[in-house]
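Here is the structure we will look at.
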Amino acid sequence: MLEEKPLVSIIMPLHNAQAYVGQAVESVIAQTYPAWELIIVDDASSDESLAAVEEYENNSRISVIKLPENSGSPAKPRNVGTERAQGRFVAFIDADDAWLPEKLEIQVEALTESGAPLGCCGYWVINDAGNRIGKLSVPQQASFSELVRHNTIGCLTAIYDRARLGKRYFPECGHEDYALWLDILSEGGKVHGVDQPLAEYRVRSGSVSSNKWRTLTYFWHIYRHRLHYGRLKSVWRCLTYAMNARNKYQHGESESLS
């Protein structure tokens, strides 16, 4: 029964993703785990994204929030959604990504059994057309020091326990999700990973995640200004990130990430 399961609040920032957001919402609706609410926060889209999701508002588990102006990053819409969240667990999915049907069920069970404050899982990497071009595997556990060396938490797979952490908000900085995971793990505990691909992460041409140099500057900011590492240590961490990123995904023989 629904009341026997802890509620999961799912936060979806939305900006100019009309071609993909329907698939993202449908992947949430298709979850085998029944106790969820989906909070979609439209970040002043200029296309038909908002119209595409408003038709789902007749579903009592789905709500849509409209921001009056674009914030410029996913941090604010995620934080607005988090403020509205009612669930014990909080999870995230971007409007151009998708979940496999058993994603929540497997992760909630794993997180409950492990007692970890934060969880993640593996995921497929897909291109604009939805073809799978790579896969990310994750360790069963990762500490703060391990996450500093190599970020294995995809935001679309992250889920945290409010009973352990309270509500947590994304900082206003580049790669805000990585900064938040580090903030959480710096307080102790480990992230519990399910090494099974339970989601699909879309790499879109021209997106921030596809711009490796820009991403590297975000990591520099986190190491230098949020973790307060010295210049040499920050450079070393950035170089380590770059080297790890080259081998981050597993590919087929003809597959590549550009």
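Chain labels A, B, ... are given in the sequence in which chains occur in the structure tokens; within each chain residues are numbered consecutively from 1, and ligands are likewise numbered from 1 in the order shown.
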
May I have all residues of segment 127-236 of chain A that DSSP, computed from the backbone, assigns to strand (DSSP E or B), given as a list of chain:residue names?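 Strand (DSSP E or B) members of segment 127-236 of chain A, listed: A:Arg132, A:Ile133, A:Gly134, A:Lys135, A:Leu136, A:Gln141, A:Ala142, A:Ile159, A:Tyr160, A:Asp161, A:Val191, A:His192, A:Gly193, A:Val194, A:Asp195, A:Gln196, A:Pro197, A:Leu198, A:Ala199, A:Glu200, A:Tyr201, A:Arg202.
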
Write the residues of the selection above to a file with C-alpha atoms, as a tab-separated table (two decimals), in the first residue's frame.
```tsv
chain	number	residue	atom	x	y	z
A	132	ARG	CA	23.21	4.34	-25.81
A	133	ILE	CA	26.84	5.30	-26.35
A	134	GLY	CA	28.40	4.51	-22.98
A	135	LYS	CA	27.82	3.34	-19.43
A	136	LEU	CA	28.97	4.55	-16.01
A	141	GLN	CA	30.65	2.84	-1.36
A	142	ALA	CA	32.57	6.10	-1.69
A	159	ILE	CA	18.91	10.33	-3.81
A	160	TYR	CA	19.31	11.45	-0.21
A	161	ASP	CA	17.57	10.74	3.07
A	191	VAL	CA	27.53	7.41	-0.58
A	192	HIS	CA	25.95	4.01	-1.27
A	193	GLY	CA	26.19	3.00	-4.91
A	194	VAL	CA	24.08	0.50	-6.82
A	195	ASP	CA	26.33	-0.72	-9.63
A	196	GLN	CA	23.50	-1.24	-12.05
A	197	PRO	CA	22.51	1.18	-14.86
A	198	LEU	CA	19.08	2.43	-13.77
A	199	ALA	CA	18.92	5.70	-15.70
A	200	GLU	CA	19.80	7.30	-19.02
A	201	TYR	CA	21.90	10.46	-19.09
A	202	ARG	CA	21.64	12.45	-22.29
```

Do you know which residues are at most 8 Å from Ala75 of chain A counting only C-alpha atoms, after dropping those on the same chain fewer than 3 positions away, and could you put them as a PyMOL selection string? chain A and resi 78-79+170-172+176

Could you jot down the atom CA of Gly188 of chain A to atom CA of Lys5 of chain A separation for me, Å, one decimal place? 26.7 Å

I'd like the interatomic distance between atom CA of Ala242 of chain A and atom CA of Thr152 of chain A, to a tenth of an Å.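 If I compute the distance from atom CA of Ala242 of chain A to atom CA of Thr152 of chain A, I get 13.5 Å.
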
Please provide the set of residues having any atom within 12 Å of segment 218-234 of chain A, restricted to only C-alpha atoms, with same-chain residues fewer than 2 positions apart removed, written as a ChimeraX atom specification. /A:144-145,147-151,171-183,186,208-209,211-216,236-242

DSSP alpha helix (DSSP H) selection over segment 21-252 of chain A, as number ranges by chain: A: 21-29, 49-54, 75-84, 103-114, 144-149, 162-165, 176-185, 212-221, 231-246

Just how far from atom CA of Thr82 of chain A is atom CA of Val41 of chain A, in Å to one decimal?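 Here the two named atoms are 10.1 Å from each other.
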
If we count only C-alpha atoms, what is near segment 6-14 of chain A at a cut-off of 7 Å, once residues fewer than 5 positions away on the same chain are taken out, given as a PyMOL selection string? chain A and resi 35-43+74+77-78+81-82+85-95

Within 7 Å of Ser46 of chain A using only C-alpha atoms, minus same-chain residues under 2 positions, as a list in words: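 Surrounding residues, per the criterion: Asn16, Ala44 and Glu48 of chain A.
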
Return the single residue from A:Val80, A:Leu111, A:Val25, A:Val203 that is closest to Arg61 of chain A, with distances computed using only C-alpha atoms.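 Going through A:Val80, A:Leu111, A:Val25, A:Val203 one by one, the smallest distance to Arg61 of chain A is for A:Val25.
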
Which residues come within 12 Å of Ser45 of chain A, counting only C-alpha atoms, excluding same-chain residues fewer than 5 positions away, as a ChimeraX atom specification? /A:13-18,21,50-53,65-72,77,95
